[in-house]
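Data from coords_30.cif: mmCIF, C-alpha atoms and all ligand atoms
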data_query
loop_
_atom_site.label_atom_id
_atom_site.label_comp_id
_atom_site.auth_asym_id
_atom_site.auth_seq_id
_atom_site.Cartn_x
_atom_site.Cartn_y
_atom_site.Cartn_z
CA MET A 1 -76.12 79.25 81.61
CA SER A 2 -77.77 78.24 84.87
CA TYR A 3 -77.56 79.84 88.29
CA LYS A 4 -75.40 77.60 90.48
CA LEU A 5 -76.05 77.01 94.17
CA LEU A 6 -73.73 75.16 96.56
CA PHE A 7 -74.98 74.03 99.99
CA VAL A 8 -72.29 73.49 102.62
CA CYS A 9 -72.25 71.87 106.07
CA LEU A 10 -69.58 70.02 108.07
CA GLY A 11 -69.88 66.40 106.91
CA ASN A 12 -71.98 66.69 103.71
CA ILE A 13 -74.07 63.73 104.86
CA CYS A 14 -76.94 65.41 106.80
CA ARG A 15 -77.83 69.08 106.31
CA SER A 16 -76.29 70.09 102.99
CA PRO A 17 -77.41 67.03 100.98
CA SER A 18 -80.90 67.60 102.42
CA ALA A 19 -80.80 71.22 101.32
CA GLU A 20 -79.60 70.18 97.85
CA ASN A 21 -82.31 67.54 97.41
CA ILE A 22 -85.12 69.71 98.85
CA MET A 23 -84.07 72.56 96.57
CA ASN A 24 -84.01 70.23 93.57
CA HIS A 25 -87.51 69.06 94.54
CA LEU A 26 -88.79 72.66 94.54
CA ILE A 27 -86.94 73.40 91.29
CA ASP A 28 -88.60 70.34 89.67
CA GLN A 29 -92.02 71.51 90.84
CA ALA A 30 -91.37 74.99 89.45
CA GLY A 31 -90.09 73.60 86.11
CA LEU A 32 -86.77 75.43 86.50
CA ASN A 33 -84.39 72.49 86.04
CA ASP A 34 -82.51 74.09 83.18
CA ARG A 35 -82.16 77.41 85.04
CA ILE A 36 -80.87 76.46 88.49
CA TYR A 37 -78.19 73.89 89.33
CA CYS A 38 -77.52 72.58 92.87
CA ASP A 39 -74.65 70.77 94.54
CA SER A 40 -73.44 70.29 98.12
CA ALA A 41 -70.16 69.85 99.99
CA GLY A 42 -68.69 69.55 103.49
CA THR A 43 -65.99 71.70 105.07
CA SER A 44 -64.46 68.51 106.56
CA SER A 45 -63.01 65.44 104.89
CA TYR A 46 -64.65 63.07 107.45
CA HIS A 47 -67.20 61.43 105.17
CA ILE A 48 -65.84 61.84 101.65
CA GLY A 49 -67.57 59.36 99.32
CA SER A 50 -70.37 58.49 101.77
CA PRO A 51 -74.09 58.63 100.92
CA PRO A 52 -76.46 60.79 102.99
CA ASP A 53 -76.99 59.65 106.62
CA ARG A 54 -79.82 57.07 106.98
CA ARG A 55 -81.49 59.06 109.75
CA MET A 56 -81.54 62.14 107.53
CA SER A 57 -82.91 60.13 104.59
CA ALA A 58 -85.64 58.69 106.83
CA ALA A 59 -86.74 62.21 107.88
CA ALA A 60 -86.73 63.49 104.28
CA SER A 61 -88.75 60.51 103.16
CA ALA A 62 -91.29 60.80 106.00
CA LYS A 63 -91.73 64.59 105.77
CA LEU A 64 -91.46 65.22 102.05
CA GLY A 65 -91.56 61.84 100.35
CA ILE A 66 -88.19 62.41 98.69
CA LYS A 67 -85.10 60.24 98.51
CA LEU A 68 -81.76 61.84 99.32
CA ARG A 69 -79.20 61.31 96.59
CA GLY A 70 -75.54 62.19 96.80
CA GLN A 71 -72.00 61.29 97.67
CA ALA A 72 -70.08 63.46 100.14
CA ARG A 73 -67.26 65.63 98.90
CA GLN A 74 -65.13 68.32 100.52
CA PHE A 75 -65.53 72.02 99.81
CA GLN A 76 -62.62 73.33 97.70
CA LYS A 77 -61.29 76.71 96.66
CA LEU A 78 -62.39 76.21 93.07
CA ASP A 79 -66.01 76.17 94.28
CA PHE A 80 -65.82 79.95 94.73
CA GLN A 81 -65.38 80.36 90.99
CA GLU A 82 -67.77 77.59 90.04
CA PHE A 83 -70.83 78.68 92.05
CA ASP A 84 -72.90 81.87 92.12
CA LEU A 85 -74.10 81.47 95.70
CA ILE A 86 -72.72 79.36 98.57
CA LEU A 87 -75.09 78.59 101.45
CA ALA A 88 -73.57 77.77 104.83
CA MET A 89 -75.75 75.78 107.24
CA ASP A 90 -74.24 77.29 110.41
CA LYS A 91 -71.80 79.98 111.51
CA ASP A 92 -68.88 77.56 111.86
CA ASN A 93 -69.42 76.42 108.27
CA TYR A 94 -69.61 80.07 107.22
CA GLU A 95 -66.29 80.91 108.91
CA ASN A 96 -64.61 77.78 107.56
CA ILE A 97 -65.70 78.62 104.02
CA LEU A 98 -64.43 82.20 104.31
CA ALA A 99 -61.11 80.94 105.70
CA VAL A 100 -60.47 79.30 102.30
CA ASP A 101 -60.89 82.71 100.62
CA ARG A 102 -57.99 84.63 102.16
CA SER A 103 -58.31 87.64 99.88
CA GLY A 104 -62.03 88.04 100.58
CA GLU A 105 -62.65 88.14 96.84
CA TYR A 106 -65.61 85.77 97.07
CA HIS A 107 -67.00 86.85 100.42
CA HIS A 108 -70.09 88.29 98.72
CA LYS A 109 -71.06 84.86 97.39
CA VAL A 110 -71.36 83.27 100.85
CA ARG A 111 -74.57 83.47 102.90
CA LEU A 112 -76.14 81.72 105.87
CA MET A 113 -78.96 79.40 104.80
CA CYS A 114 -81.31 80.69 107.52
CA ASP A 115 -81.11 84.21 106.03
CA PHE A 116 -83.68 82.90 103.56
CA CYS A 117 -86.16 81.60 106.17
CA SER A 118 -89.41 83.52 106.52
CA ARG A 119 -91.40 81.36 108.97
CA HIS A 120 -88.61 80.26 111.32
CA THR A 121 -86.44 82.55 113.41
CA PHE A 122 -83.44 80.21 113.72
CA LYS A 123 -80.17 81.81 112.67
CA GLU A 124 -78.50 78.46 111.91
CA VAL A 125 -79.49 74.96 110.82
CA PRO A 126 -78.54 72.94 113.95
CA ASP A 127 -76.19 69.98 113.53
CA PRO A 128 -78.41 66.90 114.06
CA TYR A 129 -75.61 64.29 113.96
CA TYR A 130 -75.32 63.46 117.67
CA GLY A 131 -78.99 63.93 118.57
CA GLY A 132 -82.30 62.10 118.18
CA PRO A 133 -84.85 61.90 115.35
CA GLU A 134 -86.53 65.20 116.28
CA GLY A 135 -83.32 67.02 115.29
CA PHE A 136 -83.45 65.51 111.81
CA ASN A 137 -87.13 66.44 111.44
CA GLN A 138 -86.33 69.98 112.51
CA VAL A 139 -83.59 70.19 109.85
CA ILE A 140 -86.13 69.27 107.17
CA ASP A 141 -88.66 71.86 108.42
CA LEU A 142 -86.06 74.62 108.49
CA LEU A 143 -84.68 73.70 105.09
CA ILE A 144 -88.12 73.68 103.43
CA ASP A 145 -88.64 77.24 104.70
CA ALA A 146 -85.15 78.38 103.64
CA CYS A 147 -85.31 76.68 100.22
CA GLU A 148 -88.66 78.34 99.44
CA GLY A 149 -87.16 81.74 100.28
CA LEU A 150 -84.04 80.93 98.32
CA LEU A 151 -86.05 79.98 95.23
CA ASP A 152 -87.83 83.35 95.40
CA TYR A 153 -84.48 85.08 95.77
CA VAL A 154 -82.89 83.28 92.81
CA ASN A 155 -85.96 84.00 90.71
CA SER A 156 -85.59 87.67 91.53
CA GLN A 157 -81.98 87.66 90.35
CA GLU A 158 -81.74 88.56 86.69
CA LYS A 159 -79.06 85.93 86.10
CA GLY A 160 -81.46 83.17 87.10
CA PHE A 161 -83.24 83.71 83.84
CA ARG A 162 -80.37 84.43 81.50
CA GLU A 163 -79.64 81.70 78.98
P1 LIG A 201 -73.66 67.49 108.61
O1 LIG A 201 -73.69 66.58 109.95
O2 LIG A 201 -72.54 68.49 108.80
O3 LIG A 201 -75.00 68.11 108.58
O4 LIG A 201 -73.40 66.52 107.46
C1 LIG A 201 -72.57 66.00 110.51
C2 LIG A 201 -72.06 64.84 109.96
C3 LIG A 201 -70.95 64.23 110.55
C4 LIG A 201 -70.36 64.81 111.67
C5 LIG A 201 -70.87 65.98 112.20
C6 LIG A 201 -71.97 66.59 111.61
N1 LIG A 201 -69.23 64.17 112.28
O5 LIG A 201 -68.75 64.70 113.29
O6 LIG A 201 -68.77 63.14 111.77
#
What is this file in structure tokens?
Amino acid sequence: MSYKLLFVCLGNICRSPSAENIMNHLIDQAGLNDRIYCDSAGTSSYHIGSPPDRRMSAAASAKLGIKLRGQARQFQKLDFQEFDLILAMDKDNYENILAVDRSGEYHHKVRLMCDFCSRHTFKEVPDPYYGGPEGFNQVIDLLIDACEGLLDYVNSQEKGFRE
């Protein structure tokens, strides 16, 4: 059984698909494909079915040489059961995820993505949607840092290595 990570932002077309694809890139490099599974979702229904934003894909390609794959979907209650760890890109996302878990049963599974950064001091991954290209580049830089920390964290969890 693999350790399951879900990355969540607002639209699931910029930040969370980037996090998912960057994490998968690191997982490939570490040879941990059969141990860690990644997915992403948005708290909103705005872009359901859409591929990642072109501006985000351009930044991921330029900075890391990776293509962003994915089709936006909305976060749902069942995701709390399905995933081991849910990573919110910003505090609004975090609150909106917790609002779906009225009992607080799954609160412990939800974390802010920037908690895993070691080089950057940002507390949130800023929403790049209405800004210029530098915002998209910054998202990639932050997510590389956070994904590296997250991979270390998952590796340190016993479950990450249980069949
Ligand atoms: P994301 O970016 O949450 O990182 O996917 C956004 C995408 C769409 C919108 C806002 C943020 N929007 O308002 O449509």
Contact table chain A vs ligand LIG 201 (chain A), cut-off 6 Å, shortest pair per residue, only C-alpha atoms and all ligand atoms, as CSV:
residue,atom,partner,partner_atom,distance
A:Cys9,CA,A:LIG201,O2,4.4
A:Leu10,CA,A:LIG201,O2,3.4
A:Gly11,CA,A:LIG201,O4,3.6
A:Asn12,CA,A:LIG201,O4,4.0
A:Ile13,CA,A:LIG201,O4,3.9
A:Cys14,CA,A:LIG201,O4,3.8
A:Arg15,CA,A:LIG201,O3,3.8
A:Tyr46,CA,A:LIG201,O6,6.0
A:Asp127,CA,A:LIG201,O3,5.4
A:Tyr129,CA,A:LIG201,C6,4.9
Same residues, C-alpha atoms, output as a compact mmCIF listing (two decimals), in the coordinates of the input:
# COMPACT_ATOMS: atom_id res chain seq x y z
CA CYS A 9 -72.25 71.87 106.07
CA LEU A 10 -69.58 70.02 108.07
CA GLY A 11 -69.88 66.40 106.91
CA ASN A 12 -71.98 66.69 103.71
CA ILE A 13 -74.07 63.73 104.86
CA CYS A 14 -76.94 65.41 106.80
CA ARG A 15 -77.83 69.08 106.31
CA TYR A 46 -64.65 63.07 107.45
CA ASP A 127 -76.19 69.98 113.53
CA TYR A 129 -75.61 64.29 113.96
Could you check how far CA of Tyr94 in chain A sits from CA of Ser61 in chain A, in Å to one decimal?
27.7 Å
Which residues, written as an MDAnalysis selection string, have at least one atom at most 8 Å from Ile22 in chain A, with all atoms listed in the file counted and residues fewer than 2 positions away on the same chain left out?
chainID A and resid 18:20 24:26 66 143:144 147
Select, from A:Lys67, A:Arg102, A:Lys109, A:Lys91, the residue with the minimum atom-to-atom distance to Asp53 in chain A, counting only C-alpha atoms.
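The closest residue to Asp53 in chain A is A:Lys67.
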Set the distance at 12 Å and use only C-alpha atoms: which residues neighbour Asn96 in chain A once local chain neighbours fewer than 3 positions away are removed? I'd like the list as a ChimeraX atom specification.
/A:8-10,42-44,74-77,88-93,99-102,107,110
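Note that CA of Leu85 in chain A and CA of Cys38 in chain A are 9.9 Å apart.
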Residue nearest Pro126 in chain A - candidates A:Gln81, A:Gln138, A:Ser103, A:Ser40, atoms counted: all atoms listed in the file
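Once distances to Pro126 in chain A are computed over all atoms listed in the file, the minimum belongs to A:Gln138.
The nearest approach to Leu78 in chain A among the residues A:Glu95, A:Gly31, A:Val154, A:Leu6, with only C-alpha atoms taken into account, belongs to A:Leu6.
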List the neighbours of Pro128 in chain A out to 8 Å using all atoms listed in the file; skip same-chain residues closer than 6 positions along the sequence, and give me the result as JSON, numbers by chain.
{"A": [14, 135, 136, 139]}
Point-to-point distance from CA of Ser118 in chain A to CA of Lys4 in chain A, Å rounded to tenths
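Between CA of Ser118 in chain A and CA of Lys4 in chain A the gap works out to 22.1 Å.
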N, CA, C and O atoms restored at range 9-23 of chain A, emitted as a CSV table (one decimal), in the coordinates of the input:
chain,number,residue,atom,x,y,z
A,9,CYS,N,-72.2,72.1,104.6
A,9,CYS,CA,-72.2,71.9,106.1
A,9,CYS,C,-70.9,71.3,106.5
A,9,CYS,O,-69.9,71.4,105.8
A,10,LEU,N,-70.9,70.6,107.6
A,10,LEU,CA,-69.6,70.0,108.1
A,10,LEU,C,-69.2,68.7,107.4
A,10,LEU,O,-68.2,68.6,106.8
A,11,GLY,N,-70.2,67.7,107.4
A,11,GLY,CA,-69.9,66.4,106.9
A,11,GLY,C,-70.4,66.1,105.5
A,11,GLY,O,-70.0,65.1,104.9
A,12,ASN,N,-71.3,66.9,105.0
A,12,ASN,CA,-72.0,66.7,103.7
A,12,ASN,C,-72.7,65.4,103.7
A,12,ASN,O,-72.8,64.7,102.6
A,13,ILE,N,-73.2,64.9,104.8
A,13,ILE,CA,-74.1,63.7,104.9
A,13,ILE,C,-75.4,64.0,105.5
A,13,ILE,O,-76.3,63.2,105.4
A,14,CYS,N,-75.6,65.1,106.2
A,14,CYS,CA,-76.9,65.4,106.8
A,14,CYS,C,-77.6,66.7,106.2
A,14,CYS,O,-78.5,66.6,105.4
A,15,ARG,N,-77.1,67.8,106.7
A,15,ARG,CA,-77.8,69.1,106.3
A,15,ARG,C,-77.7,69.5,104.8
A,15,ARG,O,-78.7,69.8,104.2
A,16,SER,N,-76.4,69.6,104.4
A,16,SER,CA,-76.3,70.1,103.0
A,16,SER,C,-76.9,69.2,101.9
A,16,SER,O,-77.5,69.7,100.9
A,17,PRO,N,-76.7,67.8,102.0
A,17,PRO,CA,-77.4,67.0,101.0
A,17,PRO,C,-78.9,67.2,101.1
A,17,PRO,O,-79.6,67.1,100.0
A,18,SER,N,-79.4,67.4,102.3
A,18,SER,CA,-80.9,67.6,102.4
A,18,SER,C,-81.3,68.9,101.7
A,18,SER,O,-82.3,68.9,101.0
A,19,ALA,N,-80.5,69.9,102.0
A,19,ALA,CA,-80.8,71.2,101.3
A,19,ALA,C,-80.8,71.1,99.8
A,19,ALA,O,-81.7,71.6,99.1
A,20,GLU,N,-79.7,70.4,99.3
A,20,GLU,CA,-79.6,70.2,97.8
A,20,GLU,C,-80.8,69.4,97.3
A,20,GLU,O,-81.4,69.8,96.3
A,21,ASN,N,-81.2,68.4,97.9
A,21,ASN,CA,-82.3,67.5,97.4
A,21,ASN,C,-83.7,68.2,97.6
A,21,ASN,O,-84.5,68.1,96.7
A,22,ILE,N,-83.9,69.0,98.7
A,22,ILE,CA,-85.1,69.7,98.8
A,22,ILE,C,-85.2,70.8,97.8
A,22,ILE,O,-86.2,71.0,97.2
A,23,MET,N,-84.1,71.5,97.6
A,23,MET,CA,-84.1,72.6,96.6
A,23,MET,C,-84.4,72.0,95.2
A,23,MET,O,-85.1,72.6,94.4
